[in-house]
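Participant: Below you'll find model39.pdb; it's PDB, C-alpha atoms.
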MODEL        1
ATOM      1  CA  MET L   1      34.745 -10.933   6.763
ATOM      2  CA  ASP L   2      31.069 -11.016   7.750
ATOM      3  CA  LYS L   3      30.197  -9.338   4.511
ATOM      4  CA  ILE L   4      31.988 -12.032   2.531
ATOM      5  CA  ARG L   5      30.367 -14.896   4.378
ATOM      6  CA  ARG L   6      26.854 -13.545   4.440
ATOM      7  CA  ARG L   7      24.242 -15.401   2.437
ATOM      8  CA  ARG L   8      22.951 -13.548  -0.606
ATOM      9  CA  ASP L   9      19.231 -12.974  -0.686
ATOM     10  CA  ARG L  10      17.021 -13.819  -3.651
ATOM     11  CA  LEU L  11      17.065 -10.325  -5.177
ATOM     12  CA  GLU L  12      20.843 -10.167  -4.984
ATOM     13  CA  VAL L  13      21.308 -13.587  -6.593
ATOM     14  CA  VAL L  14      19.005 -12.572  -9.457
ATOM     15  CA  TYR L  15      20.970  -9.326  -9.842
ATOM     16  CA  ASP L  16      24.286 -11.191  -9.913
ATOM     17  CA  ILE L  17      23.081 -13.655 -12.575
ATOM     18  CA  LEU L  18      21.685 -10.888 -14.793
ATOM     19  CA  LYS L  19      24.827  -8.804 -14.329
ATOM     20  CA  ILE L  20      27.044 -11.701 -15.396
ATOM     21  CA  ILE L  21      25.002 -12.116 -18.584
ATOM     22  CA  ARG L  22      25.293  -8.392 -19.341
ATOM     23  CA  GLN L  23      29.038  -8.376 -18.672
ATOM     24  CA  HIS L  24      29.435 -11.129 -21.275
ATOM     25  CA  HIS L  25      28.036  -8.955 -24.052
ATOM     26  CA  ASN L  26      24.552 -10.197 -23.293
ATOM     27  CA  SER L  27      25.276 -13.719 -24.445
ATOM     28  CA  ILE L  28      26.588 -16.537 -22.279
ATOM     29  CA  LYS L  29      26.299 -20.323 -22.205
ATOM     30  CA  PRO L  30      24.577 -21.898 -19.165
ATOM     31  CA  THR L  31      27.709 -23.714 -17.920
ATOM     32  CA  PRO L  32      29.998 -20.668 -17.527
ATOM     33  CA  LEU L  33      27.064 -18.767 -16.063
ATOM     34  CA  LEU L  34      26.707 -21.468 -13.402
ATOM     35  CA  ARG L  35      30.419 -21.196 -12.624
ATOM     36  CA  TYR L  36      30.425 -17.387 -12.339
ATOM     37  CA  SER L  37      27.243 -17.243 -10.292
ATOM     38  CA  ASN L  38      28.702 -19.146  -7.307
ATOM     39  CA  LEU L  39      25.606 -21.251  -6.799
ATOM     40  CA  SER L  40      25.064 -24.974  -6.431
ATOM     41  CA  SER L  41      23.823 -26.572  -9.648
ATOM     42  CA  GLN L  42      20.432 -27.224  -8.066
ATOM     43  CA  SER L  43      19.969 -23.610  -6.922
ATOM     44  CA  PHE L  44      21.237 -22.393 -10.277
ATOM     45  CA  SER L  45      18.664 -24.418 -12.232
ATOM     46  CA  GLU L  46      15.900 -23.188  -9.931
ATOM     47  CA  TYR L  47      16.924 -19.573 -10.440
ATOM     48  CA  LEU L  48      17.393 -20.021 -14.172
ATOM     49  CA  SER L  49      13.958 -21.636 -14.580
ATOM     50  CA  GLU L  50      12.420 -18.747 -12.630
ATOM     51  CA  LEU L  51      14.226 -16.146 -14.707
ATOM     52  CA  LEU L  52      13.177 -17.826 -17.960
ATOM     53  CA  GLU L  53       9.603 -18.262 -16.770
ATOM     54  CA  LYS L  54       9.286 -14.631 -15.630
ATOM     55  CA  GLY L  55      10.844 -13.325 -18.836
ATOM     56  CA  PHE L  56      14.052 -11.776 -17.465
ATOM     57  CA  VAL L  57      16.185 -14.021 -19.628
ATOM     58  CA  LYS L  58      15.639 -15.881 -22.882
ATOM     59  CA  GLU L  59      17.370 -18.813 -24.492
ATOM     60  CA  ILE L  60      18.676 -18.518 -28.044
ATOM     61  CA  THR L  61      20.277 -21.194 -30.187
ATOM     62  CA  ASP L  62      22.966 -20.318 -32.737
ATOM     63  CA  GLU L  63      23.525 -21.906 -36.180
ATOM     64  CA  LYS L  64      25.723 -24.605 -34.620
ATOM     65  CA  GLY L  65      22.943 -25.586 -32.234
ATOM     66  CA  LYS L  66      24.646 -24.119 -29.142
ATOM     67  CA  LYS L  67      22.400 -22.596 -26.471
ATOM     68  CA  PHE L  68      23.022 -19.096 -25.157
ATOM     69  CA  LEU L  69      21.274 -16.999 -22.540
ATOM     70  CA  THR L  70      20.476 -13.348 -23.184
ATOM     71  CA  LEU L  71      18.710 -10.639 -21.222
ATOM     72  CA  THR L  72      15.268  -9.433 -22.216
ATOM     73  CA  ASP L  73      14.078  -5.833 -21.788
ATOM     74  CA  LYS L  74      12.669  -6.855 -18.400
ATOM     75  CA  GLY L  75      16.080  -8.198 -17.397
ATOM     76  CA  PHE L  76      17.751  -4.920 -18.352
ATOM     77  CA  ARG L  77      15.084  -3.000 -16.443
ATOM     78  CA  TYR L  78      15.764  -5.084 -13.340
ATOM     79  CA  LEU L  79      19.485  -4.241 -13.527
ATOM     80  CA  GLU L  80      18.679  -0.592 -14.062
ATOM     81  CA  LYS L  81      16.248  -0.435 -11.137
ATOM     82  CA  TYR L  82      18.097  -2.706  -8.702
ATOM     83  CA  LYS L  83      19.649   0.066  -6.603
ATOM     84  CA  LEU L  84      16.304   1.852  -6.377
ATOM     85  CA  ILE L  85      14.570  -1.389  -5.373
ATOM     86  CA  LEU L  86      17.113  -1.949  -2.587
ATOM     87  CA  GLY L  87      16.703   1.660  -1.474
ATOM     88  CA  PHE L  88      12.937   1.260  -1.377
ATOM     89  CA  ILE L  89      13.124  -1.943   0.671
ATOM     90  CA  GLU L  90      15.535  -0.315   3.103
ATOM     91  CA  GLU L  91      13.536   2.924   3.330
ATOM     92  CA  PHE L  92      10.330   1.084   4.249
ATOM     93  CA  GLU L  93      12.069  -1.661   6.222
ATOM     94  CA  LEU L  94      10.333  -4.367   4.182
TER      95      LEU L  94
ATOM     96  CA  MET H   1     -19.552  17.750 -23.180
ATOM     97  CA  TYR H   2     -22.604  19.275 -21.571
ATOM     98  CA  THR H   3     -21.161  19.087 -18.046
ATOM     99  CA  SER H   4     -18.028  20.984 -19.055
ATOM    100  CA  SER H   5     -19.905  23.878 -20.651
ATOM    101  CA  PRO H   6     -19.374  27.247 -18.890
ATOM    102  CA  LEU H   7     -23.134  27.717 -18.451
ATOM    103  CA  PHE H   8     -23.506  24.379 -16.677
ATOM    104  CA  LEU H   9     -20.543  25.125 -14.389
ATOM    105  CA  LEU H  10     -21.979  28.546 -13.590
ATOM    106  CA  VAL H  11     -25.380  27.057 -12.704
ATOM    107  CA  LEU H  12     -23.705  24.322 -10.638
ATOM    108  CA  ARG H  13     -21.638  26.878  -8.749
ATOM    109  CA  LYS H  14     -24.669  29.100  -8.113
ATOM    110  CA  ASN H  15     -26.574  26.088  -6.795
ATOM    111  CA  MET H  16     -23.674  25.051  -4.554
ATOM    112  CA  ASP H  17     -23.326  28.608  -3.222
ATOM    113  CA  TYR H  18     -27.067  28.723  -2.566
ATOM    114  CA  MET H  19     -27.066  25.374  -0.770
ATOM    115  CA  LEU H  20     -24.031  26.299   1.317
ATOM    116  CA  ALA H  21     -25.476  29.710   2.154
ATOM    117  CA  HIS H  22     -28.778  28.191   3.225
ATOM    118  CA  HIS H  23     -27.086  25.303   5.079
ATOM    119  CA  LEU H  24     -28.530  22.738   2.674
ATOM    120  CA  ILE H  25     -25.020  21.312   2.371
ATOM    121  CA  ASP H  26     -23.159  20.803   5.597
ATOM    122  CA  PRO H  27     -19.749  22.573   5.287
ATOM    123  CA  ARG H  28     -18.275  19.459   6.883
ATOM    124  CA  LEU H  29     -19.267  17.537   3.792
ATOM    125  CA  VAL H  30     -17.251  19.886   1.577
ATOM    126  CA  VAL H  31     -14.247  19.612   3.928
ATOM    127  CA  GLU H  32     -14.582  15.822   4.052
ATOM    128  CA  LEU H  33     -14.929  15.599   0.270
ATOM    129  CA  GLY H  34     -11.709  17.574  -0.253
ATOM    130  CA  TYR H  35      -9.903  15.555   2.426
ATOM    131  CA  THR H  36     -11.094  12.223   0.977
ATOM    132  CA  ILE H  37     -10.115  13.154  -2.582
ATOM    133  CA  ILE H  38      -6.573  14.078  -1.464
ATOM    134  CA  VAL H  39      -6.064  11.031   0.793
ATOM    135  CA  VAL H  40      -7.576   8.525  -1.658
ATOM    136  CA  SER H  41      -5.523   9.975  -4.546
ATOM    137  CA  LEU H  42      -2.291   9.764  -2.532
ATOM    138  CA  CYS H  43      -3.046   6.180  -1.460
ATOM    139  CA  PHE H  44      -3.850   5.066  -5.015
ATOM    140  CA  MET H  45      -0.785   6.868  -6.382
ATOM    141  CA  ILE H  46       1.410   4.981  -3.891
ATOM    142  CA  PHE H  47      -0.241   1.731  -5.045
ATOM    143  CA  PHE H  48       0.337   2.429  -8.751
ATOM    144  CA  LYS H  49       3.833   3.889  -8.331
ATOM    145  CA  THR H  50       5.055   0.677  -6.685
ATOM    146  CA  ARG H  51       3.635  -1.586  -9.396
ATOM    147  CA  GLU H  52       6.814  -1.790 -11.466
ATOM    148  CA  ILE H  53       9.162  -2.648  -8.601
ATOM    149  CA  TYR H  54       6.719  -5.318  -7.457
ATOM    150  CA  ASP H  55       6.417  -6.741 -11.000
ATOM    151  CA  LEU H  56      10.202  -6.949 -11.193
ATOM    152  CA  THR H  57      10.841  -8.498  -7.791
ATOM    153  CA  ALA H  58       7.646 -10.221  -6.567
ATOM    154  CA  HIS H  59       8.998  -9.209  -3.134
ATOM    155  CA  LYS H  60       6.608 -10.165  -0.336
ATOM    156  CA  GLY H  61       7.261  -7.003   1.678
ATOM    157  CA  ILE H  62       6.583  -4.769  -1.340
ATOM    158  CA  LYS H  63       3.415  -6.743  -2.106
ATOM    159  CA  TYR H  64       1.912  -6.173   1.350
ATOM    160  CA  PHE H  65       3.169  -2.584   1.485
ATOM    161  CA  ARG H  66       1.427  -1.619  -1.759
ATOM    162  CA  ILE H  67      -1.860  -3.389  -1.084
ATOM    163  CA  THR H  68      -1.975  -1.550   2.250
ATOM    164  CA  PHE H  69      -2.469   1.693   0.365
ATOM    165  CA  LEU H  70      -5.011   0.210  -2.017
ATOM    166  CA  PHE H  71      -7.071  -0.953   0.984
ATOM    167  CA  PHE H  72      -6.599   2.321   2.868
ATOM    168  CA  GLY H  73      -7.723   4.269  -0.212
ATOM    169  CA  LEU H  74     -10.871   2.158  -0.407
ATOM    170  CA  ALA H  75     -11.434   2.437   3.361
ATOM    171  CA  TYR H  76     -11.229   6.244   3.176
ATOM    172  CA  PHE H  77     -13.610   6.236   0.202
ATOM    173  CA  PHE H  78     -16.225   4.151   2.053
ATOM    174  CA  ARG H  79     -15.676   6.237   5.181
ATOM    175  CA  PHE H  80     -16.655   9.275   3.126
ATOM    176  CA  LEU H  81     -19.759   7.442   1.872
ATOM    177  CA  SER H  82     -20.751   6.632   5.481
ATOM    178  CA  LEU H  83     -20.279  10.255   6.451
ATOM    179  CA  LEU H  84     -22.235  11.363   3.403
ATOM    180  CA  PHE H  85     -25.186   9.240   4.511
ATOM    181  CA  ILE H  86     -24.958  10.575   8.085
ATOM    182  CA  LEU H  87     -24.905  14.167   6.857
ATOM    183  CA  MET H  88     -27.639  13.479   4.290
ATOM    184  CA  LYS H  89     -29.811  12.229   7.129
ATOM    185  CA  ILE H  90     -29.137  15.428   9.043
ATOM    186  CA  THR H  91     -29.634  17.652   5.990
ATOM    187  CA  PHE H  92     -32.421  15.984   4.066
ATOM    188  CA  ASP H  93     -33.974  13.709   6.683
ATOM    189  CA  ILE H  94     -33.800  10.686   4.385
ATOM    190  CA  TYR H  95     -33.651   8.227   7.217
ATOM    191  CA  LEU H  96     -34.296   4.636   6.134
ATOM    192  CA  SER H  97     -32.313   4.375   2.898
ATOM    193  CA  SER H  98     -29.408   6.416   4.213
ATOM    194  CA  HIS H  99     -29.333   4.276   7.348
ATOM    195  CA  ILE H 100     -29.099   1.073   5.301
ATOM    196  CA  PHE H 101     -26.400   2.519   3.038
ATOM    197  CA  LYS H 102     -24.494   3.741   6.079
ATOM    198  CA  ILE H 103     -24.478   0.253   7.628
ATOM    199  CA  PHE H 104     -23.235  -1.271   4.379
ATOM    200  CA  SER H 105     -20.517   1.321   3.895
ATOM    201  CA  MET H 106     -19.377   0.850   7.495
ATOM    202  CA  ALA H 107     -19.017  -2.883   6.832
ATOM    203  CA  PHE H 108     -16.769  -2.058   3.860
ATOM    204  CA  VAL H 109     -14.847   0.475   5.976
ATOM    205  CA  GLY H 110     -14.277  -2.262   8.579
ATOM    206  CA  TYR H 111     -13.149  -4.782   5.969
ATOM    207  CA  PHE H 112     -10.787  -2.560   3.970
ATOM    208  CA  SER H 113      -9.206  -0.813   6.953
ATOM    209  CA  THR H 114      -8.546  -4.133   8.725
ATOM    210  CA  MET H 115      -6.947  -5.540   5.569
ATOM    211  CA  ALA H 116      -4.815  -2.385   5.342
ATOM    212  CA  ILE H 117      -3.649  -2.468   8.966
ATOM    213  CA  LEU H 118      -2.809  -6.184   8.809
ATOM    214  CA  SER H 119      -1.022  -5.845   5.462
ATOM    215  CA  LEU H 120       1.143  -2.942   6.610
ATOM    216  CA  THR H 121       2.050  -4.762   9.817
ATOM    217  CA  TYR H 122       2.877  -7.931   7.899
ATOM    218  CA  SER H 123       4.962  -6.064   5.299
ATOM    219  CA  THR H 124       7.468  -5.178   8.029
ATOM    220  CA  ILE H 125       7.505  -8.475   9.947
ATOM    221  CA  TRP H 126       7.071 -11.103   7.207
ATOM    222  CA  LYS H 127      10.692 -12.244   7.477
ATOM    223  CA  LYS H 128      10.279 -12.961  11.194
ATOM    224  CA  LEU H 129       6.720 -14.232  11.139
ATOM    225  CA  GLN H 130       6.103 -16.789   8.415
ATOM    226  CA  ILE H 131       2.390 -17.401   7.836
ATOM    227  CA  LYS H 132       1.390 -19.994   5.258
ATOM    228  CA  HIS H 133      -1.577 -18.165   3.719
ATOM    229  CA  PRO H 134      -1.455 -14.627   5.112
ATOM    230  CA  LEU H 135      -4.098 -13.157   2.802
ATOM    231  CA  LEU H 136      -6.542 -15.903   3.745
ATOM    232  CA  LEU H 137      -6.014 -15.216   7.438
ATOM    233  CA  PHE H 138      -6.267 -11.443   6.963
ATOM    234  CA  ASN H 139      -9.488 -11.871   4.986
ATOM    235  CA  ALA H 140     -10.987 -14.012   7.747
ATOM    236  CA  ILE H 141     -10.115 -11.382  10.393
ATOM    237  CA  ALA H 142     -11.307  -8.529   8.137
ATOM    238  CA  ILE H 143     -14.637 -10.259   7.395
ATOM    239  CA  LEU H 144     -15.138 -10.874  11.116
ATOM    240  CA  ILE H 145     -14.474  -7.205  11.870
ATOM    241  CA  SER H 146     -16.721  -6.027   9.025
ATOM    242  CA  CYS H 147     -19.496  -8.252  10.453
ATOM    243  CA  ILE H 148     -18.927  -6.550  13.819
ATOM    244  CA  ALA H 149     -19.190  -3.189  12.043
ATOM    245  CA  PHE H 150     -22.381  -4.358  10.326
ATOM    246  CA  ILE H 151     -24.193  -5.532  13.457
ATOM    247  CA  SER H 152     -22.914  -3.031  15.997
ATOM    248  CA  MET H 153     -24.531   0.373  15.928
ATOM    249  CA  PRO H 154     -23.044   2.737  16.974
ATOM    250  CA  HIS H 155     -19.574   1.704  15.820
ATOM    251  CA  SER H 156     -17.918   1.413  19.207
ATOM    252  CA  LEU H 157     -17.053  -2.238  18.577
ATOM    253  CA  LEU H 158     -15.457  -1.429  15.221
ATOM    254  CA  ILE H 159     -13.344   1.313  16.794
ATOM    255  CA  LEU H 160     -12.433  -1.022  19.651
ATOM    256  CA  SER H 161     -11.411  -3.870  17.338
ATOM    257  CA  GLN H 162      -9.307  -1.524  15.203
ATOM    258  CA  ALA H 163      -7.719  -0.106  18.358
ATOM    259  CA  VAL H 164      -6.806  -3.682  19.394
ATOM    260  CA  LEU H 165      -5.232  -4.247  15.964
ATOM    261  CA  LEU H 166      -3.375  -0.960  16.290
ATOM    262  CA  SER H 167      -2.033  -1.993  19.713
ATOM    263  CA  PHE H 168      -0.891  -5.300  18.202
ATOM    264  CA  THR H 169       0.924  -3.394  15.438
ATOM    265  CA  ILE H 170       2.603  -1.061  17.935
ATOM    266  CA  ILE H 171       3.720  -3.996  20.126
ATOM    267  CA  MET H 172       5.121  -5.918  17.134
ATOM    268  CA  ALA H 173       6.921  -2.868  15.765
ATOM    269  CA  ALA H 174       8.232  -1.827  19.190
ATOM    270  CA  TYR H 175       9.546  -5.372  19.756
ATOM    271  CA  ARG H 176      11.290  -5.297  16.388
ATOM    272  CA  TYR H 177      12.822  -1.859  16.863
ATOM    273  CA  ASN H 178      13.813  -2.644  20.425
ATOM    274  CA  LYS H 179      15.803  -5.590  19.098
ATOM    275  CA  SER H 180      17.472  -3.569  16.370
ATOM    276  CA  ARG H 181      18.112  -0.731  18.873
ATOM    277  CA  LYS H 182      17.293   2.070  16.480
ATOM    278  CA  THR H 183      14.474   4.557  16.406
ATOM    279  CA  SER H 184      12.679   4.478  13.144
ATOM    280  CA  GLN H 185      11.157   7.582  11.627
ATOM    281  CA  LEU H 186       9.001   5.248   9.592
ATOM    282  CA  PHE H 187       7.634   3.551  12.711
ATOM    283  CA  ILE H 188       6.481   6.950  14.004
ATOM    284  CA  LEU H 189       4.883   7.745  10.619
ATOM    285  CA  TYR H 190       2.974   4.448  10.576
ATOM    286  CA  ILE H 191       1.753   4.916  14.136
ATOM    287  CA  LEU H 192       0.548   8.437  13.289
ATOM    288  CA  PHE H 193      -1.099   7.113  10.126
ATOM    289  CA  PHE H 194      -3.001   4.472  12.126
ATOM    290  CA  LEU H 195      -3.889   6.897  14.910
ATOM    291  CA  PHE H 196      -5.363   9.337  12.404
ATOM    292  CA  TRP H 197      -7.398   6.508  10.991
ATOM    293  CA  ILE H 198      -8.814   5.598  14.430
ATOM    294  CA  VAL H 199      -9.702   9.261  15.063
ATOM    295  CA  ASN H 200     -11.303   9.402  11.587
ATOM    296  CA  LEU H 201     -13.435   6.413  12.556
ATOM    297  CA  PHE H 202     -14.275   8.035  15.860
ATOM    298  CA  ILE H 203     -15.620  11.073  13.991
ATOM    299  CA  LEU H 204     -18.174   8.787  12.320
ATOM    300  CA  GLY H 205     -19.795   7.943  15.662
ATOM    301  CA  PRO H 206     -22.977   9.678  16.821
ATOM    302  CA  LYS H 207     -22.547  13.242  18.122
ATOM    303  CA  ARG H 208     -18.788  12.977  18.034
ATOM    304  CA  PHE H 209     -18.129  15.738  15.567
ATOM    305  CA  LEU H 210     -15.075  17.764  16.404
ATOM    306  CA  PRO H 211     -15.249  21.547  15.967
ATOM    307  CA  ILE H 212     -14.629  22.116  12.265
ATOM    308  CA  GLU H 213     -11.423  24.142  12.837
ATOM    309  CA  ILE H 214      -9.883  21.330  14.893
ATOM    310  CA  GLN H 215     -11.050  18.776  12.351
ATOM    311  CA  ILE H 216      -9.447  20.713   9.484
ATOM    312  CA  ALA H 217      -6.174  21.146  11.399
ATOM    313  CA  PHE H 218      -6.164  17.455  12.222
ATOM    314  CA  GLN H 219      -6.866  16.505   8.615
ATOM    315  CA  ILE H 220      -4.083  18.749   7.337
ATOM    316  CA  VAL H 221      -1.589  17.002   9.632
ATOM    317  CA  SER H 222      -2.928  13.648   8.478
ATOM    318  CA  ILE H 223      -2.463  14.647   4.810
ATOM    319  CA  VAL H 224       1.097  15.765   5.615
ATOM    320  CA  VAL H 225       1.858  12.303   7.070
ATOM    321  CA  ILE H 226       0.561  10.506   3.966
ATOM    322  CA  ARG H 227       2.330  13.041   1.742
ATOM    323  CA  VAL H 228       5.624  12.261   3.514
ATOM    324  CA  ILE H 229       5.083   8.533   2.871
ATOM    325  CA  TYR H 230       4.233   9.325  -0.774
ATOM    326  CA  HIS H 231       7.371  11.444  -1.081
ATOM    327  CA  LYS H 232       9.485   8.569   0.294
ATOM    328  CA  VAL H 233       7.866   6.238  -2.262
ATOM    329  CA  THR H 234       8.500   8.536  -5.242
ATOM    330  CA  LYS H 235      12.142   8.925  -4.226
ATOM    331  CA  TRP H 236      12.700   5.248  -5.120
ATOM    332  CA  THR H 237      10.194   4.710  -7.906
ATOM    333  CA  LYS H 238      11.344   7.251 -10.504
TER     334      LYS H 238
ENDMDL
END
Can the structure from this file be put into structure tokens for me?
Facilitator:
Amino acid sequence: MDKIRRRRDRLEVVYDILKIIRQHHNSIKPTPLLRYSNLSSQSFSEYLSELLEKGFVKEITDEKGKKFLTLTDKGFRYLEKYKLILGFIEEFEL
Amino acid sequence: MYTSSPLFLLVLRKNMDYMLAHHLIDPRLVVELGYTIIVVSLCFMIFFKTREIYDLTAHKGIKYFRITFLFFGLAYFFRFLSLLFILMKITFDIYLSSHIFKIFSMAFVGYFSTMAILSLTYSTIWKKLQIKHPLLLFNAIAILISCIAFISMPHSLLILSQAVLLSFTIIMAAYRYNKSRKTSQLFILYILFFLFWIVNLFILGPKRFLPIEIQIAFQIVSIVVIRVIYHKVTKWTK
């Protein structure tokens, strides 16, 4: 129960957002992403701006003018390294 | 090109052998050079190996952890320079210039080692202790301590101030681990790492040279401690 209620930290939220994008064949609209990420709309926009600014995610527009979010190489690298990052933080009690 | 030619290396080796045989180079200097190269390399490797995970996360703990090793690497480098000037004075009797260089390198030793100690301490307690501009505060403390190192000769005050910082680190860490009720292997490693540093500073003081065998044994243990930390780092930064 505690595990369910516990607040996710920043690294975990970023991981969850990136994972959702990957699970949707690396292309998802912002609104469903907000719904799947279980964040308030304010927190979601803050995280999304950060991810766009730091180059984990990029916005693409299709022929119909619809906006989609996709992962960049950096985003994929984050997903790939996430477990190692957590291990490192735990190992050095950071 | 010239320096890598076999003839040059042969001449260099002959000269080194001659100087060692005739006590023109203190054997301590050779030991210290080897020790410094190993420790500085390990510290810098830890710093560079953690670059990617810091770039990906911008995690505060990782930031202070990695700069600790950058500062410790620099502190060990300047410590070697200080020792070089002390031993040069003994060997070649170049008093004035070596004395000035020694004072300057000790100031850098004071600055970099203080930054390292504070950064490592902060990397483990940053979640509990929120400081608005930690680097600014650490710089102020480090500059103060490097000024102490600059004006106080011999370096008793520098050793004392670093010992105070070390005690602060131990108290903070002990408080944290007491609360979490677990013994941390890492806590022991950090304490050893700091203790070795204090003893390394102590060696720089006047007439405080340890017998070379004890010094070598002590330095081997110290390298093992840093090597263990390096090994732990590489486990997670493949």
Participant: Give as a ChimeraX atom specification the residues that the ChimeraX specification (/H :<12) & /L matches when applied to the coordinates above.
Facilitator: /L:9-15,50-51,54-56,73-94
Participant: Which of these, H:Ser152, H:Ile198, H:Val224, H:Thr121, has the shortest distance to Ala174 in chain H once you count only C-alpha atoms?
Facilitator: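 Counting only C-alpha atoms, the residue closest to Ala174 in chain H is H:Thr121.
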Participant: Suppose you want the space between CA of Leu81 in chain H and CA of Ile226 in chain H; what is it in Å?
Facilitator: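 Separation of CA of Leu81 in chain H and CA of Ile226 in chain H: 20.7 Å.
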Participant: When distances are computed from all atoms listed in the file, which of L:Arg8, L:Arg35, L:Lys29, L:His24 shows the smallest separation from Thr61 in chain L?
Facilitator: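 Among L:Arg8, L:Arg35, L:Lys29, L:His24, it is L:Lys29 that comes nearest to Thr61 in chain L.
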Participant: Run through the PyMOL selection byres ((chain H and resi 132-144) around 7) on the given coordinates and return the selected residues as an MDAnalysis selection string.
Facilitator: chainID H and resid 110:111 114:115 118 130:131 145:148
Participant: Rounded to one decimal, what separation in Å do you get between CA of Phe78 in chain H and CA of Trp197 in chain H?
Facilitator: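 It comes out at 12.8 Å.
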Participant: Please determine, counting only C-alpha atoms, which residue among L:Leu39, L:Leu48, L:Leu71, L:Leu34 has the shortest atom-to-atom distance to Ile21 in chain L.
Facilitator: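 Looking only at the distances to Ile21 in chain L, the closest residue turns out to be L:Leu71.
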Participant: If you count only C-alpha atoms, which residues fall within 12 Å of Asn26 in chain L, apart from same-chain ones fewer than 3 positions away, as a list of chain:residue names?
Facilitator: L:Ile17, L:Leu18, L:Lys19, L:Ile20, L:Ile21, L:Arg22, L:Gln23, L:Lys29, L:Leu33, L:Val57, L:Lys58, L:Glu59, L:Ile60, L:Phe68, L:Leu69, L:Thr70, L:Leu71, L:Thr72, L:Asp73, L:Gly75, L:Phe76
